[in-house]
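Engineer: Coordinates in input-v4.cif, mmCIF, C-alpha atoms, are listed below.
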data_start
loop_
_atom_site.label_atom_id
_atom_site.label_comp_id
_atom_site.auth_asym_id
_atom_site.auth_seq_id
_atom_site.Cartn_x
_atom_site.Cartn_y
_atom_site.Cartn_z
CA MET A 1 -14.82 13.99 24.23
CA THR A 2 -11.19 13.39 23.22
CA ASP A 3 -11.32 9.58 22.74
CA ASN A 4 -7.86 9.17 24.29
CA LEU A 5 -6.42 11.51 21.67
CA THR A 6 -3.47 13.66 22.71
CA VAL A 7 -2.35 17.17 21.78
CA PHE A 8 1.42 17.00 21.17
CA ILE A 9 2.95 20.46 21.65
CA VAL A 10 6.35 21.22 20.09
CA ASP A 11 7.62 24.69 21.03
CA ASP A 12 11.04 25.85 22.23
CA ASP A 13 9.57 28.49 24.59
CA PRO A 14 8.88 26.92 28.02
CA SER A 15 6.40 29.68 28.96
CA VAL A 16 4.37 29.00 25.80
CA ARG A 17 4.41 25.24 26.46
CA ASP A 18 3.29 25.78 30.07
CA ALA A 19 0.52 28.22 29.11
CA LEU A 20 -0.80 25.93 26.37
CA GLY A 21 -0.56 22.88 28.61
CA LEU A 22 -2.52 24.66 31.35
CA LEU A 23 -5.18 25.94 28.95
CA LEU A 24 -5.69 22.57 27.26
CA GLY A 25 -5.66 20.75 30.59
CA ILE A 26 -8.53 22.97 31.78
CA HIS A 27 -10.45 21.78 28.70
CA ASP A 28 -9.70 18.12 29.54
CA TYR A 29 -7.23 17.52 26.72
CA ARG A 30 -4.34 15.12 27.26
CA VAL A 31 -1.10 16.93 26.48
CA ALA A 32 2.49 15.89 25.76
CA MET A 33 5.17 18.59 25.40
CA PHE A 34 8.48 18.75 23.55
CA ALA A 35 11.08 21.55 23.46
CA ASP A 36 12.21 20.95 19.87
CA ALA A 37 11.66 18.93 16.70
CA ASP A 38 14.55 16.53 17.38
CA SER A 39 13.24 15.46 20.79
CA TYR A 40 9.78 14.95 19.29
CA LEU A 41 11.18 12.81 16.45
CA ARG A 42 13.26 10.73 18.87
CA ALA A 43 10.18 10.02 21.00
CA PHE A 44 7.67 9.65 18.15
CA LYS A 45 5.69 6.40 17.90
CA PRO A 46 3.57 5.52 14.82
CA HIS A 47 0.63 4.53 17.06
CA TRP A 48 0.31 8.03 18.57
CA ARG A 49 -3.16 9.52 18.00
CA GLY A 50 -4.37 13.10 18.31
CA CYS A 51 -2.81 16.20 16.76
CA LEU A 52 0.43 18.14 16.67
CA LEU A 53 0.55 21.78 17.81
CA LEU A 54 3.74 22.96 16.19
CA ASP A 55 5.78 26.16 16.44
CA ILE A 56 7.57 27.27 13.25
CA ARG A 57 10.70 28.96 14.59
CA MET A 58 12.79 26.68 16.77
CA PRO A 59 16.51 25.99 17.10
CA GLY A 60 17.64 23.08 14.95
CA MET A 61 14.90 21.72 12.73
CA ASP A 62 12.12 24.28 12.20
CA GLY A 63 8.44 23.42 12.46
CA LEU A 64 7.71 23.37 8.72
CA THR A 65 10.58 20.94 8.13
CA LEU A 66 9.27 18.70 10.92
CA GLN A 67 5.79 18.85 9.37
CA ARG A 68 7.15 17.79 5.95
CA THR A 69 9.34 15.08 7.52
CA LEU A 70 6.34 13.53 9.29
CA LEU A 71 4.25 13.75 6.13
CA ASP A 72 7.00 11.99 4.14
CA GLN A 73 7.10 9.25 6.79
CA GLY A 74 3.35 8.69 6.40
CA ALA A 75 2.48 9.95 9.90
CA SER A 76 -1.26 10.59 10.19
CA LEU A 77 -1.27 13.18 13.02
CA PRO A 78 -3.00 16.37 11.81
CA VAL A 79 -0.87 19.48 12.36
CA VAL A 80 -1.84 22.93 13.66
CA ILE A 81 0.93 25.48 13.03
CA MET A 82 1.57 28.38 15.40
CA THR A 83 4.02 31.23 14.96
CA GLY A 84 4.99 34.59 16.34
CA HIS A 85 6.22 35.62 12.88
CA GLY A 86 3.48 34.77 10.39
CA ASP A 87 4.03 35.40 6.69
CA VAL A 88 2.27 34.36 3.51
CA ASP A 89 5.04 31.99 2.34
CA SER A 90 5.08 30.12 5.64
CA ALA A 91 1.30 29.86 5.70
CA ARG A 92 1.25 28.59 2.11
CA ALA A 93 3.94 25.97 2.87
CA ALA A 94 2.05 24.83 5.98
CA PHE A 95 -1.26 24.41 4.15
CA ARG A 96 0.42 22.65 1.22
CA ALA A 97 1.69 20.12 3.76
CA GLN A 98 -1.92 19.66 4.95
CA ALA A 99 -1.93 21.84 8.07
CA VAL A 100 -5.34 22.16 9.74
CA ASP A 101 -4.77 25.81 10.66
CA PHE A 102 -2.08 28.49 10.91
CA LEU A 103 -2.31 30.45 14.16
CA GLU A 104 -0.37 33.60 15.03
CA LYS A 105 0.85 34.28 18.57
CA PRO A 106 -0.49 35.40 20.91
CA ILE A 107 -2.82 32.49 20.26
CA ASP A 108 -6.55 33.22 20.33
CA GLU A 109 -8.11 30.63 22.65
CA GLY A 110 -11.27 30.21 20.57
CA ARG A 111 -9.36 29.67 17.33
CA LEU A 112 -6.98 27.26 19.04
CA LEU A 113 -9.78 25.11 20.47
CA ALA A 114 -11.60 25.16 17.12
CA ALA A 115 -8.43 24.10 15.31
CA ILE A 116 -7.80 21.23 17.74
CA SER A 117 -11.43 20.12 17.41
CA GLU A 118 -11.06 20.10 13.60
CA ALA A 119 -7.73 18.24 13.87
CA PHE A 120 -9.28 15.58 16.13
CA SER A 121 -12.19 15.23 13.71
CA ARG A 122 -9.72 14.63 10.85
CA GLN A 123 -7.80 12.12 12.97
CA ARG A 124 -11.00 10.16 13.72
CA GLU A 125 -11.88 10.10 10.00
CA THR A 126 -8.40 8.77 9.19
CA LEU A 127 -8.66 6.10 11.90
CA ASP A 128 -12.18 5.10 10.81
CA ALA A 129 -11.04 4.76 7.18
CA ALA A 130 -8.06 2.64 8.24
CA ALA A 131 -10.34 0.42 10.36
CA SER A 132 -12.70 -0.03 7.40
CA ARG A 133 -9.78 -0.99 5.14
CA ASP A 134 -8.54 -3.51 7.72
CA GLN A 135 -12.01 -5.00 8.06
CA ALA A 136 -12.34 -5.29 4.26
CA ARG A 137 -8.93 -6.98 4.03
CA ARG A 138 -9.91 -9.48 6.73
CA ARG A 139 -13.15 -10.30 4.90
CA ILE A 140 -11.34 -10.76 1.60
CA ASP A 141 -8.74 -12.95 3.33
CA GLY A 142 -11.64 -15.15 4.49
CA LEU A 143 -12.64 -16.01 0.92
CA THR A 144 -11.72 -19.33 -0.67
CA GLN A 145 -9.29 -19.26 -3.58
CA ARG A 146 -12.16 -19.81 -6.07
CA GLU A 147 -14.30 -17.07 -4.48
CA ARG A 148 -11.36 -14.70 -4.76
CA GLU A 149 -10.90 -15.62 -8.44
CA VAL A 150 -14.59 -14.93 -9.09
CA MET A 151 -14.42 -11.65 -7.15
CA GLU A 152 -11.43 -10.39 -9.16
CA ARG A 153 -13.28 -11.06 -12.41
CA VAL A 154 -16.57 -9.53 -11.23
CA VAL A 155 -14.68 -6.39 -10.15
CA ALA A 156 -12.97 -6.33 -13.57
CA GLY A 157 -16.44 -6.16 -15.17
CA ARG A 158 -16.70 -9.73 -16.51
CA HIS A 159 -20.12 -11.40 -16.88
CA ASN A 160 -20.92 -14.83 -15.44
CA ARG A 161 -20.48 -16.61 -18.79
CA GLU A 162 -17.08 -14.99 -19.35
CA ILE A 163 -15.97 -15.93 -15.84
CA ALA A 164 -17.22 -19.48 -16.36
CA ALA A 165 -15.21 -19.81 -19.58
CA GLU A 166 -12.05 -18.39 -17.98
CA LEU A 167 -12.27 -20.66 -14.92
CA ALA A 168 -13.57 -23.72 -16.85
CA ILE A 169 -16.67 -24.03 -14.65
CA SER A 170 -20.39 -23.67 -15.37
CA PRO A 171 -22.19 -20.30 -15.21
CA ARG A 172 -24.36 -21.78 -12.45
CA THR A 173 -21.26 -22.59 -10.39
CA VAL A 174 -20.05 -19.03 -10.94
CA GLU A 175 -23.37 -17.76 -9.57
CA VAL A 176 -23.01 -19.95 -6.47
CA HIS A 177 -19.44 -18.75 -5.79
CA LYS A 178 -20.47 -15.16 -6.48
CA ALA A 179 -23.41 -15.35 -4.04
CA ARG A 180 -21.24 -16.89 -1.31
CA MET A 181 -18.47 -14.38 -1.89
CA MET A 182 -20.82 -11.38 -1.70
CA ASP A 183 -22.47 -12.80 1.41
CA LYS A 184 -19.10 -13.25 3.16
CA LEU A 185 -18.08 -9.73 2.21
CA GLY A 186 -21.40 -8.26 3.34
CA VAL A 187 -22.11 -6.49 0.05
CA ALA A 188 -25.43 -6.39 -1.81
CA SER A 189 -24.35 -5.08 -5.21
CA VAL A 190 -21.45 -5.12 -7.64
CA ALA A 191 -20.95 -1.38 -6.96
CA GLU A 192 -20.47 -2.10 -3.23
CA LEU A 193 -18.10 -4.94 -4.12
CA VAL A 194 -16.00 -2.63 -6.30
CA ARG A 195 -15.89 0.04 -3.57
CA LEU A 196 -14.82 -2.57 -0.96
CA SER A 197 -12.14 -4.01 -3.26
CA LEU A 198 -10.67 -0.55 -3.82
CA GLY A 199 -10.73 0.05 -0.02
#
Represent the structure contained in this file as structure tokens.

Structural biologist:
Amino acid sequence: MTDNLTVFIVDDDPSVRDALGLLLGIHDYRVAMFADADSYLRAFKPHWRGCLLLDIRMPGMDGLTLQRTLLDQGASLPVVIMTGHGDVDSARAAFRAQAVDFLEKPIDEGRLLAAISEAFSRQRETLDAAASRDQARRRIDGLTQREREVMERVVAGRHNREIAAELAISPRTVEVHKARMMDKLGVASVAELVRLSLG
């Protein structure tokens, strides 16, 4: 199941693009193809989801430079590198820039499919984490000003009496705000609250 994720292929060799597109299509992957790094960058949209299957040696910007450029821009698409001229330095550079795998041509079908599966798994984890952060932000935004003040102090490790003194309210009132705040945020312990606040 590909969850509407797409394999974006960037390779200057039309025969390689066609062969990969055919192979991945047989396995029900959605595919988008680009002949070089510049055309990919011109078309790129931040909301794209899936993975990038990227050749190293291309005219103009090479694949490793494109990989670093996307990483610097905060793009979250996992990258699988492929090359007809593999060497240790290139592999090291690719993995330092968080490549999922480094495949040498001719591409082994099993390794390719495994790499794409791993890349999609990483993409889902990234998307799930982002969704959790968004949900946490929305919950925190739903707190009253006083609940937020109490939350900040609880997360900072203050006790109810300290919070009461700082906010010029009674410890009992702090307890009420704290209970409401934790209920709104859906957390049952201070540890959960801290983890959510760090989201």

Engineer: When you draw a straight line from CA of Val31 in chain A to CA of Leu64 in chain A, how long is it in Å?

Structural biologist: 20.8 Å

Engineer: Using the chain letters and numbering of this document, enumerate as a PyMOL selection string the residues selected by the PyMOL selection byres ((chain A and resi 76-86) around 6).

Structural biologist: chain A and resi 51-56+75+87+99-105+119

Engineer: Suppose you want the space between CA of Leu66 in chain A and CA of Gly110 in chain A; what is it in Å?

Structural biologist: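 Distance between the two atoms: 25.4 Å.
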
Engineer: Quote the spacing between CA of Leu41 in chain A and CA of Leu70 in chain A in Å to one decimal place.

Structural biologist: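 Pair CA of Leu41 in chain A / CA of Leu70 in chain A returns 8.7 Å.
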
Engineer: Pick from A:Ser197, A:Thr69, A:Asn4, A:Gln135: nearest to Met151 in chain A, with only C-alpha atoms counted?

Structural biologist: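 Distance minimum relative to Met151 in chain A lands on A:Ser197.
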
Engineer: For Arg138 in chain A, which residue out of A:Arg172, A:Lys184, A:Arg195, A:Arg68 is the nearest one, using all atoms listed in the file?

Structural biologist: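 Counting all atoms listed in the file, the residue closest to Arg138 in chain A is A:Lys184.
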
Engineer: Once the PyMOL selection byres ((chain A and resi 177) around 12) is applied to the coordinates I shared, what remains selected? I want it as a ChimeraX atom specification.

Structural biologist: /A:143-151,153-154,160,163-164,167,169-176,178-184
